[in-house]
Structure formats: structure tokens, C-alpha cells
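K.L.:
Supplied structure: query28.txt, compact mmCIF, C-alpha atoms and all ligand atoms.
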# COMPACT_ATOMS: atom_id res chain seq x y z
CA MET A 1241 52.18 3.85 -4.00
CA THR A 1242 49.65 1.82 -2.09
CA SER A 1243 52.28 -0.22 -0.29
CA ALA A 1244 53.71 2.97 1.22
CA LEU A 1245 50.37 4.02 2.72
CA PRO A 1246 49.47 3.53 6.36
CA PRO A 1247 46.53 1.18 7.11
CA VAL A 1248 43.15 2.95 6.92
CA SER A 1249 42.62 2.53 10.65
CA GLY A 1250 45.77 4.54 11.29
CA MET A 1251 45.06 7.40 8.85
CA SER A 1252 44.80 10.76 10.54
CA ALA A 1253 42.58 13.45 9.04
CA GLN A 1254 45.74 15.16 7.80
CA VAL A 1255 47.02 12.09 5.95
CA ILE A 1256 43.57 11.55 4.40
CA MET A 1257 43.43 15.16 3.19
CA ASP A 1258 47.01 15.26 1.89
CA LEU A 1259 46.55 12.10 -0.15
CA GLU A 1260 43.40 13.45 -1.80
CA ARG A 1261 45.04 16.76 -2.58
CA GLU A 1262 47.74 14.92 -4.47
CA HIS A 1263 45.64 12.47 -6.49
CA VAL A 1264 41.97 13.45 -6.58
CA LEU A 1265 40.59 15.88 -9.17
CA GLN A 1266 40.49 19.23 -7.43
CA ASN A 1267 36.90 20.11 -8.35
CA TYR A 1268 35.52 20.32 -4.80
CA ALA A 1269 36.23 22.95 -2.17
CA ARG A 1270 35.93 20.57 0.78
CA TYR A 1271 35.62 21.57 4.41
CA PRO A 1272 38.66 20.47 6.46
CA LEU A 1273 36.95 17.45 8.01
CA ALA A 1274 37.26 13.72 7.40
CA VAL A 1275 34.56 11.34 8.62
CA VAL A 1276 35.02 7.64 9.17
CA ARG A 1277 31.76 6.37 10.61
CA GLY A 1278 28.27 7.38 11.64
CA LYS A 1279 25.46 6.31 13.94
CA GLY A 1280 22.00 7.86 13.96
CA CYS A 1281 22.21 11.64 13.65
CA HIS A 1282 25.97 11.74 14.28
CA VAL A 1283 29.21 11.16 12.38
CA TYR A 1284 32.72 10.73 13.79
CA ASP A 1285 36.13 11.90 12.56
CA PRO A 1286 39.29 9.72 12.69
CA GLU A 1287 40.17 11.18 16.09
CA GLY A 1288 36.78 10.14 17.48
CA HIS A 1289 35.17 13.59 17.69
CA ARG A 1290 31.39 13.52 17.26
CA TYR A 1291 29.37 15.80 14.96
CA LEU A 1292 25.62 16.35 14.79
CA ASP A 1293 24.89 15.84 11.09
CA PHE A 1294 22.35 18.43 9.88
CA ILE A 1295 23.39 18.27 6.22
CA THR A 1296 23.29 14.44 5.82
CA GLY A 1297 25.49 14.16 2.76
CA ILE A 1298 23.40 16.90 1.08
CA GLY A 1299 20.07 15.35 1.89
CA VAL A 1300 21.06 11.77 1.11
CA ASN A 1301 21.38 10.07 4.50
CA ALA A 1302 17.73 10.65 5.28
CA LEU A 1303 17.61 8.00 8.02
CA GLY A 1304 20.89 9.17 9.48
CA HIS A 1305 23.73 6.68 9.60
CA ALA A 1306 23.77 2.91 10.07
CA HIS A 1307 19.98 2.66 10.49
CA PRO A 1308 19.51 -0.93 11.70
CA ARG A 1309 16.75 -1.80 9.21
CA ILE A 1310 18.76 -0.42 6.28
CA VAL A 1311 21.94 -2.19 7.41
CA LYS A 1312 19.97 -5.43 7.66
CA VAL A 1313 18.51 -5.34 4.13
CA ILE A 1314 21.87 -4.27 2.63
CA ARG A 1315 23.55 -7.25 4.31
CA GLU A 1316 20.84 -9.67 3.21
CA GLN A 1317 20.62 -8.45 -0.37
CA ALA A 1318 24.40 -8.15 -0.86
CA ALA A 1319 24.66 -11.83 -0.07
CA LEU A 1320 21.90 -12.66 -2.59
CA LEU A 1321 22.20 -10.34 -5.61
CA ILE A 1322 23.56 -6.81 -5.96
CA HIS A 1323 23.14 -6.21 -9.68
CA SER A 1324 21.88 -8.12 -12.68
CA SER A 1325 21.64 -5.33 -15.35
CA ASN A 1326 18.49 -4.51 -17.24
CA LEU A 1327 18.91 -7.53 -19.49
CA TYR A 1328 16.90 -9.54 -16.92
CA TYR A 1329 14.11 -9.17 -14.39
CA HIS A 1330 14.58 -9.20 -10.62
CA PRO A 1331 11.91 -9.03 -7.91
CA TYR A 1332 12.46 -5.47 -6.65
CA GLN A 1333 12.12 -3.07 -9.63
CA GLY A 1334 8.46 -3.83 -10.22
CA ARG A 1335 7.66 -3.74 -6.50
CA LEU A 1336 9.39 -0.39 -6.06
CA ALA A 1337 7.74 1.07 -9.17
CA ALA A 1338 4.33 -0.07 -7.87
CA ARG A 1339 5.01 1.56 -4.50
CA LEU A 1340 6.18 4.78 -6.21
CA ALA A 1341 3.00 4.84 -8.31
CA GLN A 1342 0.97 4.55 -5.10
CA ILE A 1343 2.67 7.47 -3.35
CA SER A 1344 3.33 9.74 -6.35
CA GLY A 1345 0.16 9.38 -8.43
CA LEU A 1346 2.33 8.71 -11.52
CA GLN A 1347 2.28 5.28 -13.11
CA ARG A 1348 5.66 4.47 -14.68
CA THR A 1349 9.20 4.56 -13.30
CA PHE A 1350 12.60 4.55 -14.99
CA PHE A 1351 15.53 3.74 -12.70
CA CYS A 1352 18.96 5.37 -12.86
CA ASN A 1353 21.68 6.45 -10.42
CA SER A 1354 21.61 10.17 -9.68
CA GLY A 1355 19.65 13.38 -9.90
CA ALA A 1356 21.44 14.63 -13.00
CA GLU A 1357 20.95 11.32 -14.78
CA ALA A 1358 17.26 11.40 -13.94
CA ILE A 1359 16.93 14.97 -15.24
CA GLU A 1360 18.71 13.96 -18.45
CA GLY A 1361 16.19 11.20 -19.00
CA ALA A 1362 13.25 13.48 -18.22
CA LEU A 1363 14.53 16.03 -20.76
CA LYS A 1364 14.82 13.26 -23.36
CA MET A 1365 11.27 12.17 -22.54
CA ALA A 1366 9.98 15.72 -23.05
CA ARG A 1367 11.98 16.08 -26.27
CA ALA A 1368 10.60 12.80 -27.63
CA HIS A 1369 7.07 13.72 -26.56
CA GLY A 1370 7.40 17.12 -28.27
CA HIS A 1371 9.08 15.73 -31.35
CA ALA A 1372 6.19 13.39 -32.02
CA ILE A 1373 3.89 16.44 -32.13
CA HIS A 1374 6.16 18.73 -34.17
CA PRO A 1375 9.92 18.73 -34.90
CA GLU A 1376 10.17 22.31 -33.63
CA LYS A 1377 8.55 21.54 -30.30
CA PHE A 1378 11.86 21.16 -28.45
CA GLU A 1379 12.18 24.16 -26.12
CA PHE A 1380 12.41 24.10 -22.34
CA VAL A 1381 11.25 26.67 -19.84
CA SER A 1382 13.17 26.66 -16.56
CA LEU A 1383 13.65 28.99 -13.62
CA GLU A 1384 16.34 31.48 -12.79
CA ASN A 1385 18.42 30.44 -9.80
CA SER A 1386 17.52 26.76 -10.32
CA PHE A 1387 19.84 23.75 -10.03
CA HIS A 1388 19.28 20.53 -11.95
CA GLY A 1389 22.70 18.85 -12.04
CA ARG A 1390 26.10 18.92 -13.72
CA THR A 1391 25.73 16.97 -16.96
CA LEU A 1392 25.39 19.00 -20.16
CA GLY A 1393 21.62 18.54 -20.51
CA ALA A 1394 20.97 19.21 -16.83
CA LEU A 1395 23.26 22.27 -16.95
CA SER A 1396 21.29 23.52 -19.95
CA VAL A 1397 18.22 23.94 -17.74
CA THR A 1398 20.17 25.15 -14.68
CA GLY A 1399 19.55 28.87 -14.26
CA GLN A 1400 22.84 29.86 -12.62
CA PRO A 1401 25.61 31.34 -14.81
CA LYS A 1402 28.35 30.26 -12.39
CA TYR A 1403 27.71 26.57 -13.15
CA ARG A 1404 27.19 27.00 -16.91
CA GLY A 1405 29.76 29.58 -17.99
CA ASP A 1406 32.74 27.34 -18.71
CA PHE A 1407 30.73 24.88 -20.78
CA GLU A 1408 28.65 26.96 -23.16
CA PRO A 1409 27.17 26.63 -25.69
CA LEU A 1410 24.65 24.31 -24.04
CA LEU A 1411 21.32 23.04 -25.39
CA ALA A 1412 19.56 25.57 -27.59
CA GLY A 1413 16.01 26.72 -26.88
CA VAL A 1414 15.99 27.07 -23.09
CA ARG A 1415 14.20 30.10 -21.60
CA PHE A 1416 14.71 31.10 -17.98
CA VAL A 1417 12.03 32.96 -16.07
CA ALA A 1418 12.03 34.58 -12.65
CA LEU A 1419 10.67 32.48 -9.83
CA ASN A 1420 7.06 33.17 -8.87
CA ASP A 1421 6.60 35.64 -11.76
CA MET A 1422 3.37 34.40 -13.34
CA ALA A 1423 3.42 36.85 -16.25
CA ALA A 1424 7.00 35.92 -17.20
CA LEU A 1425 6.09 32.25 -17.11
CA GLU A 1426 3.02 32.80 -19.25
CA ALA A 1427 5.07 34.74 -21.80
CA ALA A 1428 7.79 32.07 -22.01
CA VAL A 1429 5.63 28.98 -22.56
CA THR A 1430 4.54 28.57 -26.19
CA GLU A 1431 3.57 25.88 -28.68
CA ARG A 1432 7.33 25.23 -29.09
CA THR A 1433 7.74 24.32 -25.42
CA ALA A 1434 8.47 20.62 -24.90
CA GLY A 1435 8.82 20.84 -21.13
CA ILE A 1436 8.63 23.13 -18.10
CA VAL A 1437 11.21 22.16 -15.45
CA MET A 1438 10.99 23.31 -11.84
CA GLU A 1439 12.06 22.54 -8.27
CA LEU A 1440 9.01 23.30 -6.12
CA ILE A 1441 11.44 24.34 -3.39
CA GLN A 1442 14.73 25.49 -4.91
CA GLY A 1443 17.53 23.85 -2.94
CA GLU A 1444 21.01 24.71 -4.20
CA GLY A 1445 19.67 28.17 -5.11
CA GLY A 1446 19.11 29.01 -1.42
CA ILE A 1447 15.84 27.34 -0.26
CA TYR A 1448 13.26 29.33 -2.23
CA PRO A 1449 9.75 27.81 -2.29
CA LEU A 1450 7.49 28.41 -5.29
CA THR A 1451 4.04 29.77 -4.52
CA GLY A 1452 1.01 27.53 -4.98
CA GLU A 1453 -0.46 29.90 -7.59
CA TYR A 1454 2.75 29.80 -9.61
CA VAL A 1455 2.85 26.01 -9.61
CA ALA A 1456 -0.84 25.90 -10.60
CA LYS A 1457 -0.10 28.35 -13.43
CA ALA A 1458 2.73 26.10 -14.66
CA ARG A 1459 0.31 23.15 -14.66
CA GLU A 1460 -2.27 25.15 -16.62
CA LEU A 1461 0.29 26.39 -19.19
CA ALA A 1462 1.73 22.92 -19.70
CA ASP A 1463 -1.81 21.62 -20.38
CA ARG A 1464 -2.67 24.50 -22.67
CA HIS A 1465 0.45 24.01 -24.82
CA ASN A 1466 0.77 20.24 -24.50
CA ALA A 1467 4.18 20.51 -22.83
CA LEU A 1468 5.32 18.17 -20.04
CA LEU A 1469 5.50 19.61 -16.54
CA ILE A 1470 8.64 18.18 -14.93
CA ALA A 1471 9.02 18.48 -11.14
CA ASP A 1472 12.63 18.10 -9.98
CA GLU A 1473 12.16 16.60 -6.52
CA THR A 1474 15.80 15.52 -6.20
CA GLN A 1475 16.30 17.66 -3.12
CA CYS A 1476 12.82 18.78 -2.05
CA GLY A 1477 11.15 15.38 -2.43
CA VAL A 1478 10.78 11.93 -0.91
CA GLY A 1479 9.64 13.00 2.53
CA ARG A 1480 11.77 16.04 3.14
CA PRO A 1481 8.95 18.61 2.95
CA GLY A 1482 6.78 16.53 5.31
CA THR A 1483 4.80 15.01 2.43
CA TYR A 1484 6.13 12.37 0.06
CA PHE A 1485 6.66 15.02 -2.61
CA ALA A 1486 6.68 18.82 -2.61
CA TYR A 1487 3.87 18.91 -5.17
CA GLN A 1488 1.62 17.31 -2.52
CA ARG A 1489 2.04 20.08 0.05
CA SER A 1490 -1.22 21.74 1.00
CA GLY A 1491 -1.89 24.70 -1.26
CA HIS A 1492 0.48 23.21 -3.85
CA VAL A 1493 -1.38 20.10 -4.84
CA ILE A 1494 -0.85 19.50 -8.52
CA LEU A 1495 0.24 16.45 -10.44
CA PRO A 1496 3.26 16.94 -12.71
CA ASP A 1497 3.57 14.81 -15.86
CA VAL A 1498 7.03 13.75 -14.83
CA MET A 1499 8.77 13.72 -11.46
CA VAL A 1500 12.45 13.21 -10.84
CA ALA A 1501 13.93 12.18 -7.49
CA ALA A 1502 17.18 10.79 -6.15
CA LYS A 1503 19.05 12.05 -3.10
CA PRO A 1504 17.39 10.33 -0.08
CA LEU A 1505 15.82 7.49 -2.01
CA ALA A 1506 18.17 4.63 -1.13
CA CYS A 1507 19.86 6.07 1.95
CA GLY A 1508 23.27 6.52 0.29
CA ILE A 1509 23.16 3.72 -2.28
CA PRO A 1510 23.01 5.63 -5.60
CA LEU A 1511 19.49 5.57 -7.04
CA GLY A 1512 17.64 8.06 -9.22
CA ILE A 1513 14.13 7.80 -10.65
CA ILE A 1514 11.97 9.32 -13.33
CA VAL A 1515 8.31 8.72 -12.54
CA ALA A 1516 5.93 9.64 -15.36
CA ASN A 1517 2.27 9.48 -16.26
CA GLU A 1518 1.27 7.21 -19.15
CA LYS A 1519 1.16 10.09 -21.64
CA ALA A 1520 4.78 11.12 -20.96
CA ALA A 1521 6.05 7.56 -20.53
CA ALA A 1522 4.66 6.56 -23.93
CA ALA A 1523 7.21 8.86 -25.58
CA ILE A 1524 10.04 6.48 -24.64
CA LYS A 1525 9.94 3.26 -26.66
CA PRO A 1526 12.22 0.20 -26.43
CA GLY A 1527 15.83 1.11 -27.20
CA MET A 1528 15.41 4.87 -26.73
CA HIS A 1529 16.93 5.14 -23.25
CA GLY A 1530 18.77 3.03 -20.70
CA SER A 1531 21.23 2.72 -17.81
CA THR A 1532 23.54 -0.20 -17.01
CA PHE A 1533 23.52 0.28 -13.23
CA GLY A 1534 19.99 1.67 -13.02
CA GLY A 1535 17.59 -0.10 -10.70
CA GLY A 1536 19.81 -2.85 -9.34
CA ALA A 1537 18.35 -5.29 -6.82
CA LEU A 1538 20.28 -3.86 -3.88
CA ALA A 1539 19.35 -0.23 -4.57
CA CYS A 1540 15.68 -1.04 -5.18
CA ARG A 1541 15.34 -3.21 -2.10
CA VAL A 1542 16.90 -0.53 0.10
CA ALA A 1543 14.52 2.07 -1.38
CA LEU A 1544 11.52 -0.16 -0.60
CA GLU A 1545 12.65 -0.51 3.00
CA PHE A 1546 13.27 3.25 3.17
CA LEU A 1547 9.76 4.03 1.91
CA ASP A 1548 8.24 1.70 4.54
CA ILE A 1549 10.14 3.54 7.26
CA LEU A 1550 9.30 6.92 5.74
CA GLU A 1551 5.58 6.24 5.94
CA GLU A 1552 5.94 6.03 9.73
CA LEU A 1553 8.17 9.11 9.87
CA LEU A 1554 6.12 11.65 7.89
CA PRO A 1555 4.28 13.05 10.95
CA ALA A 1556 7.59 13.42 12.80
CA ILE A 1557 9.15 15.26 9.85
CA GLN A 1558 6.27 17.75 9.97
CA ARG A 1559 6.44 18.12 13.74
CA VAL A 1560 10.23 18.40 14.14
CA GLY A 1561 10.53 20.51 10.96
CA GLY A 1562 7.90 22.91 12.28
CA TYR A 1563 9.68 23.09 15.63
CA PHE A 1564 13.02 23.78 13.92
CA HIS A 1565 11.41 26.52 11.81
CA VAL A 1566 10.03 28.24 14.92
CA LYS A 1567 13.40 28.01 16.67
CA LEU A 1568 15.25 29.45 13.66
CA ASN A 1569 12.75 32.31 13.53
CA GLU A 1570 13.45 33.00 17.21
CA LEU A 1571 17.15 33.28 16.33
CA ALA A 1572 16.25 35.56 13.42
CA ARG A 1573 14.46 37.97 15.79
CA LYS A 1574 17.42 38.00 18.14
CA HIS A 1575 20.26 38.44 15.67
CA SER A 1576 20.34 41.31 13.18
CA CYS A 1577 22.62 39.38 10.81
CA VAL A 1578 19.69 37.06 9.96
CA LYS A 1579 17.59 38.27 7.05
CA GLU A 1580 15.03 35.51 6.62
CA VAL A 1581 14.20 31.87 7.36
CA ARG A 1582 12.66 29.82 4.52
CA GLY A 1583 11.61 26.28 3.74
CA PHE A 1584 9.33 23.44 4.78
CA GLY A 1585 9.63 20.27 6.77
CA LEU A 1586 13.27 19.33 7.20
CA MET A 1587 14.47 21.51 4.32
CA LEU A 1588 15.26 24.89 5.85
CA GLY A 1589 17.44 27.83 4.97
CA MET A 1590 18.53 30.84 7.00
CA GLU A 1591 19.59 33.79 4.88
CA LEU A 1592 22.19 36.04 6.47
CA THR A 1593 23.27 39.59 5.71
CA ILE A 1594 26.88 38.35 5.99
CA PRO A 1595 28.80 35.48 4.31
CA GLY A 1596 27.97 32.12 5.91
CA LYS A 1597 31.21 30.26 5.29
CA GLN A 1598 32.89 31.19 8.57
CA ILE A 1599 29.80 30.14 10.52
CA VAL A 1600 29.87 26.74 8.81
CA LEU A 1601 33.57 26.33 9.69
CA ASP A 1602 33.00 27.44 13.28
CA ALA A 1603 30.03 25.07 13.52
CA ILE A 1604 32.30 22.15 12.61
CA ALA A 1605 34.57 23.14 15.48
CA GLU A 1606 31.46 23.15 17.73
CA GLY A 1607 30.40 19.69 16.52
CA LEU A 1608 27.63 20.61 14.06
CA LEU A 1609 27.52 19.95 10.30
CA LEU A 1610 25.52 22.19 7.98
CA ASN A 1611 26.48 24.00 4.80
CA CYS A 1612 26.13 27.33 3.13
CA THR A 1613 24.68 27.82 -0.32
CA HIS A 1614 24.67 30.99 -2.40
CA ASP A 1615 27.28 32.51 -0.04
CA THR A 1616 24.77 33.74 2.52
CA VAL A 1617 22.20 30.99 3.06
CA LEU A 1618 22.83 28.49 5.84
CA ARG A 1619 21.22 25.26 4.62
CA PHE A 1620 19.82 22.60 6.94
CA LEU A 1621 18.89 19.13 5.67
CA PRO A 1622 18.65 17.16 8.94
CA PRO A 1623 17.97 13.42 8.97
CA TYR A 1624 14.28 12.45 9.18
CA ILE A 1625 15.02 10.75 12.51
CA ALA A 1626 16.11 14.03 14.14
CA THR A 1627 14.25 14.88 17.36
CA GLU A 1628 13.42 18.16 19.09
CA ARG A 1629 16.46 17.53 21.28
CA ASP A 1630 18.75 17.35 18.25
CA VAL A 1631 17.19 20.57 16.97
CA ASP A 1632 17.74 22.25 20.35
CA GLN A 1633 21.38 21.32 20.24
CA ALA A 1634 21.84 22.62 16.70
CA VAL A 1635 19.97 25.85 17.51
CA LYS A 1636 22.11 26.40 20.59
CA ILE A 1637 25.30 26.19 18.52
CA ILE A 1638 23.96 28.38 15.72
CA GLY A 1639 22.74 30.96 18.23
CA LYS A 1640 26.17 31.09 19.84
CA LEU A 1641 27.87 31.57 16.45
CA LEU A 1642 25.39 34.21 15.27
CA GLY A 1643 26.04 36.08 18.51
CA LYS A 1644 29.75 36.18 17.72
CA ALA A 1645 29.31 37.01 14.01
CA ARG A 1646 30.44 40.43 12.93
CA PRO A 1647 28.80 42.42 10.12
CA ALA A 1648 30.83 42.14 6.90
CA ALA A 1649 31.79 45.83 7.00
CA GLU A 1650 33.59 45.68 10.37
C1 LIG B 1 21.39 17.53 -6.23
C2 LIG B 1 20.41 17.94 -7.26
C3 LIG B 1 20.50 17.47 -8.59
C4 LIG B 1 21.66 16.66 -9.08
O1 LIG B 1 21.76 15.43 -8.45
P1 LIG B 1 23.11 14.56 -8.57
O2 LIG B 1 22.74 13.29 -7.90
O3 LIG B 1 24.19 15.32 -7.89
O4 LIG B 1 23.38 14.40 -10.02
C5 LIG B 1 19.49 17.80 -9.47
N1 LIG B 1 18.45 18.55 -9.08
C6 LIG B 1 18.35 19.03 -7.82
C7 LIG B 1 17.15 19.84 -7.45
C8 LIG B 1 19.34 18.76 -6.89
O5 LIG B 1 19.24 19.27 -5.65
Output the file's structure in the form of C-alpha cells.
P.N.:
Amino acid sequence: MTSALPPVSGMSAQVIMDLEREHVLQNYARYPLAVVRGKGCHVYDPEGHRYLDFITGIGVNALGHAHPRIVKVIREQAALLIHSSNLYYHPYQGRLAARLAQISGLQRTFFCNSGAEAIEGALKMARAHGHAIHPEKFEFVSLENSFHGRTLGALSVTGQPKYRGDFEPLLAGVRFVALNDMAALEAAVTERTAGIVMELIQGEGGIYPLTGEYVAKARELADRHNALLIADETQCGVGRPGTYFAYQRSGHVILPDVMVAAKPLACGIPLGIIVANEKAAAAIKPGMHGSTFGGGALACRVALEFLDILEELLPAIQRVGGYFHVKLNELARKHSCVKEVRGFGLMLGMELTIPGKQIVLDAIAEGLLLNCTHDTVLRFLPPYIATERDVDQAVKIIGKLLGKARPAAE
């Protein structure tokens, strides 16, 4: 009972964890750490220990924590108007959509609250677009090892059996092809394909970039068969690769029909977007789709402020990301348990020949937050405000832990 609980300020990490274990759905395997506040690139636990945050709430806290300009607009807007629903207009949706059109090359935005919700809407858009051409044009082509979210539609295009298995049957007519296999892609896309869905840099799957030729092939096949090309930029987009979007990276420049983004967009306030060209957007007519919370004044205003700050930060993301990549490669040469370093900008992965979980746990004890995906890939999603000094500190800790790591067989 609430009355029996200690005040929040007096809750130890143990009390926080015990309470959750008793009452919160046990769907997450959390690390044994509670955080109570953050500032810049660091977060603090209830006992006041400081951690360098190189996972940023899985790529959400892109400006770190308590960024003064973000705090300021949240305060101002909370006192004016947080939400008004999509029954009415407010000043910030149109402004944000105009800004997104400018930086994405796509004209029309739909606002929602998460990556999965954005993917759901993009799938509906592709289905409606296909349906208007032929009732049997409803198939999707997606990639093996991909991740697009946890709702049933998003799971249907997620190419990882471990996420899908308990919920099948999912949407019919989804074909999965191997990443960067041009022939497989060509064979899978047909006149029945409504949409091709891809992350240009697979995130959850272990930081696997698509090649420029593969992405160009997807663009060509979508055109040839009048299917929509849907880029899922939820993790790899909005600044993280050093360009606004991964499809703008040099050697990868294409324009998808539809782009989906979410994670860093409003610095922790939930906000997802579908940004589409006029052809794709025309498939959704009044009444066909919606979201009660989507595109509230607070979320949109924060995103506008974030995009202003991001414009100034893009060169730093490229510079610090490049520096981090070099430093991780140096570690890879020194430690035999490192197989490969992959990624771009501030989205980097280090694949190990051993499980990564213990390194993540030991890193917490050393004051560094990262995570491990696909069992063996250490994933780094540092805040865009990270400096070379922050990188040096992270690399020092990782180097120390790699030096202590034992091969799995021993
Ligand atoms: C995180 C992620 C999603 C799902 O986003 P949620 O906000 O958790 O629903 C979808 N696609 C990609 C590529 C992601 O990384």
C-alpha cells in the first residue's frame, strides 16, 4: 500500500527493485541499477554514484540529460498547453512537419508516440496504397535479423524468431530476405509487394549497416513494382549516423517513399513520426488512421528545439563518432575476444567472440552504461553532446574489461 512506502527521496536501489519485482509485469530483464537523475552525459543512482551514459535510454536521450534548452521549453510549454488532441490545431505540428520536410525531403508527416506505432501506420499506408492498385497487392518484404517493434503488425515484419514465436500466426504475406543479398531481394519483390521495410543500419540486430548498392537496389525494385520503400530510422536516424537520416549518408543517398523515426526525436518525451512523399501520403484519407496522443504541443515543441540544436551538432557527431570508431578498432587489434567493430556516427557496435553480458555488468560497476544486443554485440549509443574526453573514458573502461575477459571455453 502506498501509505506504507518510504518517501521517494529515501528509496534505496534495493527498495526500488523489490517493489517493481512485486508489482510490475516481469517482461524486462533489467540490469541491477536504479537511476534517479541525470546531467549532461551522466546519470546518478540513489546512492549518488555517477555513470557515463553511453546507451542513453536506448538512443532516446540524444542531448544527454537535463539539457538546459530542452528543460526551458518543457517548462514553458507545460505551463501553456501540453495536449489538445487532434480535434483542434495548435501552432507546433505544422511547424515541425515543415521542418521535417526540409531535412528529410519528404512532404507529409503523421505524428504518433513510438517507433512501433509509427511502423504500424507505415504498414497501413503501404497496404492502403497497394489495395488501391489491386486487392492482392498486400505483401511486405523485410530483412532477416531486423527489428521493427513489438506490436502485432511491427512484429510481422520483424525478422527475428525469438520476438515472434509466442505470437504467431502474424500478418500473412511477409517475406524475409538476407541482408545485403541483392539476388534474394530481387527474387522476393513482386507485383504483390505493397512495401519493402528496412533499417539502413540494423540496430537491435547487432549494428549491421546495409550496403549502398543494396539500398539502391531496394529503391529500384520498389519503383519497378510500385511498392513503397519504407525506411525505419527509429534507431539509426535523426542525427545518430552523422547525417539527419541514414538514407542521406554518402554512398547511400536515396529517398524512401516513407520514413519512420522516433527514439531521439523529443529527447525522452514520447514522439514518433511517419514522414511520407505525396504519393504514399495520398493513400491515407480522413478517418483512416489516427492517434489520440500523437503530436501534442509539448512533444512537437521539444522536437523543434531538438532539431535546432541538432543542426549545430551534426559536425560534432561525425567527428566524435569517427574518433570513437578509431578507438574501438584500436581495442579490437589489442584484444582477441573482439571480432569486429561496426556502425556509423554515434551508433557503434563491437562484436565479441564471447558473451557480452558480463562486460556490461562489470561496466556498470566501473561507472559506464552500455548494453549488449544479440548476446555478443556491445552496443554504444552515446549522447550527441559526448566529447572525445567522454569517449576516452569509455574506451579506457572497455579496454580494462576486455583485458580481463576470458574466452567462453575457459
Ligand atoms: C526501437 C525500435 C523500434 C520500436 O520502437 P518503440 O518506440 O520501442 O516502439 C522500431 N524500429 C527500430 C529500428 C527500433 O530500433
K.L.:
Taking only C-alpha atoms and all ligand atoms and a cut-off of 6 Å, can you tell me which residues surround ligand LIG 1 (chain B), written as a list in words?
P.N.:
Ser1354, Gly1355, Ala1356, Phe1387, His1388, Gly1389, Glu1439, Gly1443, Glu1444, Asp1472, Thr1474 and Gln1475 of chain A
K.L.:
Set the distance at 7 Å and use only C-alpha atoms: which residues neighbour Pro1286 (chain A) once local chain neighbours fewer than 5 positions away are removed? I'd like the list as a ChimeraX atom specification.
P.N.:
/A:1252-1253,1274-1276
K.L.:
Take CA of Gly1589 (chain A) and CA of Arg1619 (chain A) and report the distance between them in Å, one decimal.
P.N.:
4.6 Å
K.L.:
A:Val1429, A:Gly1399, A:Gly1585, A:Met1438: which is nearest Arg1489 (chain A), counting only C-alpha atoms?
P.N.:
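So, comparing all the options, the nearest one is A:Gly1585.
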K.L.:
From the options A:Val1255, A:Ala1306, A:Ala1394, A:Val1381, which residue's atoms come nearest to Gly1361 (chain A), counting all atoms listed in the file?
P.N.:
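Ranked by minimum distance to Gly1361 (chain A), first place goes to A:Ala1394.
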K.L.:
Set the distance at 9 Å and use all atoms listed in the file: which residues neighbour Gly1512 (chain A) once local chain neighbours fewer than 4 positions away are removed? I'd like the list as a PyMOL selection string.
P.N.:
chain A and resi 1350-1358+1474+1500-1503+1505-1506+1534-1535
K.L.:
Got a sec: who's within 6 Å of Tyr1332 (chain A), counting all atoms listed in the file, leaving out chain neighbours fewer than 3 positions off, as a PyMOL selection string?
P.N.:
chain A and resi 1335-1336+1537+1540-1541
K.L.:
Between CA of Leu1450 (chain A) and CA of Gly1477 (chain A), what distance in Å does the model show, to one decimal?
P.N.:
13.8 Å
K.L.:
Closest to Ala1605 (chain A) among A:Glu1473, A:Ala1418, A:Leu1641, A:His1282, using only C-alpha atoms?
P.N.:
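Of all the options, A:Leu1641 lies closest to Ala1605 (chain A).
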K.L.:
Measuring atom to atom with only C-alpha atoms, identify which of A:Gly1491, A:Gly1530, A:Gly1299, A:Pro1496 is nearest to Gly1452 (chain A).
P.N.:
A:Gly1491
K.L.:
Check the smallest atom-to-atom distance from each of A:Val1300, A:Ala1456, A:Leu1419, A:Cys1281 to Thr1627 (chain A) using all atoms listed in the file, then report the winner.
P.N.:
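Ranked by minimum distance to Thr1627 (chain A), first place goes to A:Cys1281.
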K.L.:
Skip Ala1269 (chain A) itself and residues of its chain fewer than 4 positions away, then list as JSON, numbers by chain all residues within 12 Å of it, counting only C-alpha atoms.
P.N.:
{"A": [1257, 1260, 1261, 1264, 1265, 1273, 1597]}
K.L.:
Pick from A:Leu1321, A:Ile1298, A:Ala1522, A:Ile1314: nearest to Val1542 (chain A), with all atoms listed in the file counted?
P.N.:
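Checking each of A:Leu1321, A:Ile1298, A:Ala1522, A:Ile1314 against Val1542 (chain A), counting all atoms listed in the file, the winner is A:Ile1314.
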K.L.:
CA of Ala1302 (chain A) to CA of Pro1555 (chain A): how many Å, to one decimal?
P.N.:
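So the two atoms, CA of Ala1302 (chain A) and CA of Pro1555 (chain A), lie 14.8 Å apart.
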